[in-house]
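So this block is input-v1.csv, CSV, C-alpha atoms:
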chain,number,residue,atom,x,y,z
A,776,VAL,CA,105.0,82.2,129.0
A,777,VAL,CA,102.1,82.9,126.7
A,778,ALA,CA,103.2,81.7,123.2
A,779,ASN,CA,102.1,83.0,119.9
A,780,SER,CA,100.0,80.6,117.8
A,781,ILE,CA,100.8,79.7,114.1
A,782,ASP,CA,98.3,78.4,111.6
A,783,LEU,CA,100.4,76.0,109.5
A,784,ALA,CA,97.7,75.7,106.9
A,785,ARG,CA,98.2,79.4,105.9
A,786,PHE,CA,101.9,78.8,104.9
A,787,ALA,CA,103.2,76.4,102.3
A,788,TYR,CA,106.4,74.6,103.5
A,789,ARG,CA,108.9,74.4,100.6
A,790,VAL,CA,112.5,73.1,100.6
A,791,ARG,CA,114.8,75.7,99.1
A,792,THR,CA,116.8,73.8,96.4
A,793,PRO,CA,118.8,75.6,95.3
A,794,LEU,CA,119.2,78.0,98.2
A,795,ARG,CA,119.6,81.4,96.7
A,796,PRO,CA,120.5,84.8,98.4
A,797,ARG,CA,116.9,86.1,98.4
A,798,LEU,CA,116.5,87.6,101.8
A,799,LEU,CA,113.2,88.7,103.5
A,800,SER,CA,112.6,90.7,106.6
A,801,THR,CA,109.0,91.4,107.8
A,802,ARG,CA,109.6,93.7,110.8
A,803,ASN,CA,108.1,97.2,111.2
A,804,PHE,CA,110.4,100.1,110.7
A,805,GLU,CA,110.7,101.1,114.4
A,806,PRO,CA,113.8,101.5,116.5
A,807,LEU,CA,113.3,98.4,118.6
A,808,TYR,CA,113.3,96.1,115.5
A,809,ASN,CA,116.6,97.6,114.3
A,810,VAL,CA,115.9,96.9,110.6
A,811,ALA,CA,119.0,99.1,109.9
A,812,CYS,CA,121.1,96.2,111.1
A,813,THR,CA,119.5,94.0,108.5
A,814,VAL,CA,120.2,96.5,105.8
A,815,ARG,CA,123.9,96.9,106.9
A,816,ALA,CA,124.2,93.1,107.0
A,817,PHE,CA,122.7,92.8,103.5
A,818,ALA,CA,125.5,95.1,102.2
A,819,ARG,CA,128.0,92.6,103.4
A,820,VAL,CA,126.1,89.7,101.9
A,821,GLN,CA,125.7,91.5,98.6
A,822,ALA,CA,129.4,92.1,98.5
A,823,GLN,CA,129.9,88.3,98.3
A,824,TYR,CA,126.7,87.6,96.3
A,825,PRO,CA,126.1,90.4,93.8
A,826,GLU,CA,122.8,89.0,92.7
A,827,ALA,CA,121.4,89.0,96.3
A,828,THR,CA,118.0,90.6,96.9
A,829,LEU,CA,116.4,91.9,100.1
A,830,THR,CA,112.7,92.4,100.5
A,831,LEU,CA,111.6,94.6,103.4
A,832,ILE,CA,108.0,94.4,104.5
A,833,GLY,CA,106.9,96.9,107.1
A,834,ALA,CA,106.3,100.6,107.8
A,835,GLY,CA,107.1,103.0,110.5
A,836,SER,CA,109.0,106.0,111.8
A,837,GLU,CA,112.3,104.8,110.3
A,838,ASP,CA,111.1,104.3,106.7
A,839,ALA,CA,112.9,107.4,105.3
A,840,ALA,CA,116.1,106.7,107.2
A,841,LEU,CA,116.2,103.1,106.0
A,842,ARG,CA,115.7,104.1,102.4
A,843,ARG,CA,118.5,106.7,102.8
A,844,LEU,CA,120.8,104.0,104.3
A,845,ALA,CA,120.2,101.6,101.4
A,846,GLY,CA,121.1,104.5,99.0
A,847,GLU,CA,124.2,105.5,101.0
A,848,LEU,CA,125.4,101.9,100.9
A,849,GLU,CA,124.7,101.8,97.2
A,850,LEU,CA,122.6,98.6,97.5
A,851,ARG,CA,120.9,97.0,94.6
A,852,ASN,CA,117.9,94.8,94.6
A,853,VAL,CA,116.3,96.1,97.8
A,854,SER,CA,112.5,96.3,97.7
A,855,PHE,CA,110.5,98.3,100.2
A,856,LEU,CA,107.0,96.8,100.1
A,857,GLY,CA,105.4,98.8,103.0
A,858,ARG,CA,102.6,97.2,104.9
A,859,VAL,CA,101.3,93.9,103.6
A,860,ALA,CA,97.9,92.4,104.6
A,861,PRO,CA,98.4,89.4,106.9
A,862,SER,CA,96.3,87.3,104.4
A,863,ASP,CA,99.0,88.0,101.7
A,864,MET,CA,102.2,87.4,103.8
A,865,HIS,CA,102.5,83.8,102.7
A,866,ILE,CA,103.2,85.0,99.2
A,867,HIS,CA,106.3,86.8,100.3
A,868,TYR,CA,107.6,84.0,102.5
A,869,ALA,CA,107.1,81.7,99.5
A,870,ALA,CA,109.1,83.9,97.2
A,871,ALA,CA,112.1,84.2,99.6
A,872,ASP,CA,114.9,81.8,100.4
A,873,ILE,CA,116.3,83.2,103.7
A,874,TYR,CA,114.5,85.0,106.6
A,875,VAL,CA,116.5,87.7,108.6
A,876,GLN,CA,115.4,89.7,111.6
A,877,THR,CA,117.6,91.8,113.8
A,878,PRO,CA,115.5,93.3,116.6
A,879,SER,CA,117.1,94.7,119.7
A,880,VAL,CA,114.0,93.9,121.7
A,881,ASP,CA,111.5,91.2,121.1
A,882,ASN,CA,109.2,88.8,122.8
A,883,MET,CA,108.1,85.8,120.6
A,884,PRO,CA,108.0,87.0,117.0
A,885,LEU,CA,105.2,85.5,115.0
A,886,SER,CA,107.2,86.5,111.9
A,887,LEU,CA,109.8,83.9,112.8
A,888,LEU,CA,107.2,81.2,113.2
A,889,GLU,CA,105.8,82.2,109.8
A,890,ALA,CA,109.3,81.8,108.3
A,891,PHE,CA,109.6,78.4,110.0
A,892,ALA,CA,106.2,77.4,108.6
A,893,SER,CA,107.3,78.4,105.1
A,894,GLY,CA,110.6,76.5,105.2
A,895,LEU,CA,112.9,79.5,105.3
A,896,PRO,CA,116.3,79.0,106.9
A,897,SER,CA,116.5,81.9,109.4
A,898,VAL,CA,119.0,84.2,111.0
A,899,ALA,CA,117.9,86.3,114.0
A,900,THR,CA,119.5,88.3,116.8
A,901,ASN,CA,119.8,86.5,120.2
A,902,VAL,CA,117.4,88.8,122.1
A,903,GLY,CA,114.3,88.4,124.3
A,904,GLY,CA,112.2,85.4,123.6
A,905,VAL,CA,113.8,84.7,120.2
A,906,PRO,CA,116.2,81.9,121.5
A,907,ALA,CA,113.2,80.3,123.2
A,908,ILE,CA,111.9,79.3,119.7
A,909,LEU,CA,115.0,79.5,117.5
A,910,ARG,CA,117.7,77.1,118.9
A,911,ASP,CA,121.0,78.2,117.5
A,912,GLY,CA,122.3,75.6,115.0
A,913,VAL,CA,119.1,73.5,115.3
A,914,ASP,CA,116.2,75.7,114.0
A,915,GLY,CA,118.3,78.5,112.5
A,916,LEU,CA,121.3,80.7,113.4
A,917,LEU,CA,121.6,83.4,116.1
A,918,ALA,CA,123.8,86.5,116.0
A,919,PRO,CA,124.6,89.1,118.7
A,920,ASP,CA,122.4,92.2,119.0
A,921,ASN,CA,123.2,95.0,116.6
A,922,ASP,CA,126.2,93.2,115.0
A,923,HIS,CA,125.6,93.4,111.3
A,924,ASP,CA,128.9,91.7,110.5
A,925,ALA,CA,127.9,88.7,112.6
A,926,VAL,CA,124.4,88.6,111.0
A,927,ALA,CA,126.0,88.7,107.5
A,928,HIS,CA,128.4,86.0,108.5
A,929,ARG,CA,125.4,83.8,109.6
A,930,VAL,CA,123.6,84.4,106.3
A,931,VAL,CA,126.7,83.5,104.3
A,932,GLU,CA,127.0,80.4,106.5
A,933,LEU,CA,123.5,79.3,105.4
A,934,LEU,CA,124.3,80.0,101.8
A,935,SER,CA,127.7,78.2,101.9
A,936,LYS,CA,126.3,75.2,103.8
A,937,ALA,CA,122.9,74.8,102.0
A,938,ASP,CA,122.4,71.2,103.2
A,939,ASN,CA,122.7,72.3,106.8
A,940,ALA,CA,120.4,75.2,106.1
A,941,ARG,CA,117.8,72.9,104.8
A,942,GLU,CA,118.1,70.6,107.8
A,943,MET,CA,117.6,73.6,110.1
A,944,ALA,CA,114.6,74.7,108.1
A,945,ALA,CA,113.1,71.2,108.4
A,946,ALA,CA,113.7,71.2,112.2
A,947,ALA,CA,112.2,74.7,112.5
A,948,HIS,CA,109.1,73.5,110.7
A,949,GLU,CA,108.7,70.7,113.2
A,950,THR,CA,109.2,73.3,116.0
A,951,CYS,CA,106.1,75.1,114.6
A,952,ARG,CA,103.9,72.2,115.5
A,953,ALA,CA,104.4,73.1,119.2
A,954,PHE,CA,102.8,76.5,118.5
A,955,GLU,CA,99.7,75.4,116.7
A,956,TRP,CA,96.5,76.4,118.5
A,957,PRO,CA,95.5,72.9,119.6
A,958,ALA,CA,99.0,72.5,121.3
A,959,ILE,CA,98.9,75.9,123.1
A,960,ARG,CA,95.3,76.7,123.8
A,961,ASN,CA,95.4,75.1,127.3
A,962,GLU,CA,98.4,77.2,128.2
A,963,TRP,CA,96.4,80.3,127.2
A,964,ILE,CA,93.4,79.2,129.2
A,965,HIS,CA,95.6,78.5,132.2
A,966,ALA,CA,97.4,81.9,131.9
A,967,TYR,CA,94.1,83.8,131.7
The structure given in the file should be rewritten as C-alpha cells.
Amino acid sequence: VVANSIDLARFAYRVRTPLRPRLLSTRNFEPLYNVACTVRAFARVQAQYPEATLTLIGAGSEDAALRRLAGELELRNVSFLGRVAPSDMHIHYAAADIYVQTPSVDNMPLSLLEAFASGLPSVATNVGGVPAILRDGVDGLLAPDNDHDAVAHRVVELLSKADNAREMAAAAHETCRAFEWPAIRNEWIHAY
C-alpha cells in the first residue's frame, strides 16, 4: 500500500457547532466517481432539510448530465463550481459542514483526507481503499455503492446526532496524522 500524503498545515480544523446541512463533494464528474449518486442522495436530504445546500467541485464528461439531474429533481441550493485550484480547496472545505463522496471505484482519496483535516464529518461509499482510511462509525459513515437512499440516511444520521458526528470528525482528524509526510515517507521509499 502506498498511501496518499496530507499536509495538515494547508487545512484549518474546525468543530462544526452547530452542524448544518451544508454538503460538499469534491470529485470529478466522471462515471467512476458516481457524483449522480451524491446528487440523488442530496434530494432525499433536502426533502428533510429544505435549507440544505450542496456544493459540487469538479469537472468532467458528466457535467451536463449532473446539471440536468439536479434540474429534474428540482433541487435548490446546488452550486457547480467547476475546477478549483488545489491552493484554494481549503476555502471550500472550511465553508462546508459535511463531506460526501459516492465513488463506485476508488483507491485512497486525498479528498477524504482533506475533509478529515478540515474537521468535516464525512459519508462515503464502502468501495476500494476508502474503508482503509474511513472506519465506519469511527472516522465517519460508510454506505453501500450506488445506494443514494443509504447515503442520504447516513447524512441525516450525522445531522440528527451532531455530537456523534463531531466525535467522528475529531477521530478522523487524528487519523490524518498517520498520513502526514514524515509518517509515510519511509513507506514510499520502501515501495520504490
Inset, instruction - Find, counting all atoms listed in the file, the residue in A:Val790, A:Leu856, A:Leu934, A:Leu807 that gets nearest to Gly903 (chain A). - result: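 The answer is A:Leu807, which sits nearest to Gly903 (chain A).
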Legend entry - Of the listed residues A:His928, A:His948, A:His965, A:Arg802, that which approaches Val898 (chain A) most closely, counting all atoms listed in the file: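 Checking each of A:His928, A:His948, A:His965, A:Arg802 against Val898 (chain A), counting all atoms listed in the file, the winner is A:His928.
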Inset, instruction - Determine, counting only C-alpha atoms, which protein, DNA and RNA residues have an atom within 12 Å of an atom of Ser879 (chain A); residues of the same chain fewer than 6 positions away are not included. Present the result as a list in words. - result: Arg802, Glu805, Pro806, Leu807, Tyr808, Asn809, Val810, Ala811, Cys812, Thr813, Ala899, Thr900, Asn901, Val902, Gly903, Gly904, Val905, Ala918, Pro919, Asp920, Asn921 and Asp922 of chain A
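One finds CA of Pro896 (chain A) at 12.9 Å from CA of Glu949 (chain A).
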Skipping near chain neighbours, those fewer than 2 positions away, what residues fall within 6 Å of region 823-836 of chain A using all atoms listed in the file, listed as a PDB file with C-alpha atoms, in the frame of the given file?
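Generated file (result.pdb):
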ATOM      1  CA  PRO A 796     120.500  84.800  98.400  1.00  0.00           C
ATOM      2  CA  ARG A 797     116.900  86.100  98.400  1.00  0.00           C
ATOM      3  CA  LEU A 798     116.500  87.600 101.800  1.00  0.00           C
ATOM      4  CA  LEU A 799     113.200  88.700 103.500  1.00  0.00           C
ATOM      5  CA  SER A 800     112.600  90.700 106.600  1.00  0.00           C
ATOM      6  CA  THR A 801     109.000  91.400 107.800  1.00  0.00           C
ATOM      7  CA  ARG A 802     109.600  93.700 110.800  1.00  0.00           C
ATOM      8  CA  ASN A 803     108.100  97.200 111.200  1.00  0.00           C
ATOM      9  CA  PHE A 804     110.400 100.100 110.700  1.00  0.00           C
ATOM     10  CA  GLU A 805     110.700 101.100 114.400  1.00  0.00           C
ATOM     11  CA  VAL A 820     126.100  89.700 101.900  1.00  0.00           C
ATOM     12  CA  GLN A 821     125.700  91.500  98.600  1.00  0.00           C
ATOM     13  CA  ASP A 838     111.100 104.300 106.700  1.00  0.00           C
ATOM     14  CA  ASN A 852     117.900  94.800  94.600  1.00  0.00           C
ATOM     15  CA  VAL A 853     116.300  96.100  97.800  1.00  0.00           C
ATOM     16  CA  SER A 854     112.500  96.300  97.700  1.00  0.00           C
ATOM     17  CA  PHE A 855     110.500  98.300 100.200  1.00  0.00           C
ATOM     18  CA  LEU A 856     107.000  96.800 100.100  1.00  0.00           C
ATOM     19  CA  GLY A 857     105.400  98.800 103.000  1.00  0.00           C
ATOM     20  CA  ARG A 858     102.600  97.200 104.900  1.00  0.00           C
TER      21      ARG A 858
END
Inset, instruction - Could you please determine the separation between CA of Ala944 (chain A) and CA of Gly915 (chain A) in Å, to one decimal place? - result: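 Taking CA of Ala944 (chain A) and CA of Gly915 (chain A), their separation equals 6.9 Å.
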Inset, instruction - Find the distance between CA of Ala907 (chain A) and CA of Trp963 (chain A) and write it in Å to one decimal. - result: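 These atoms are spaced 17.3 Å apart.
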Inset, instruction - Give me the residues within 8 Å of region 777-782 of chain A as a PyMOL selection string, counting only C-alpha atoms and dropping any in the same chain fewer than 6 places off. - result: chain A and resi 883-885+888-889+951+954-956+959+962-963+966
Legend entry - Residue with smallest distance to Asn882 (chain A) - pool A:Ala845, A:Leu850, A:Ile908, A:Ile866, counting only C-alpha atoms: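 Using only C-alpha atoms, the shortest distance to Asn882 (chain A) belongs to A:Ile908.
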Inset, instruction - Could you please give me, as a ChimeraX atom specification, the residues of protein, DNA or RNA lying at most 12 Å from (123.2, 74.9, 115.3) in the coordinate frame of the file, considering only C-alpha atoms? - result: /A:896-898,906,909-918,929,932-933,936,939-944,946-947
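The list of residues with at least one atom within 6 Å of His923 (chain A), based on all atoms listed in the file and without residues fewer than 3 positions apart in the same chain, reads Cys812, Arg815, Ala816 and Val926 of chain A.
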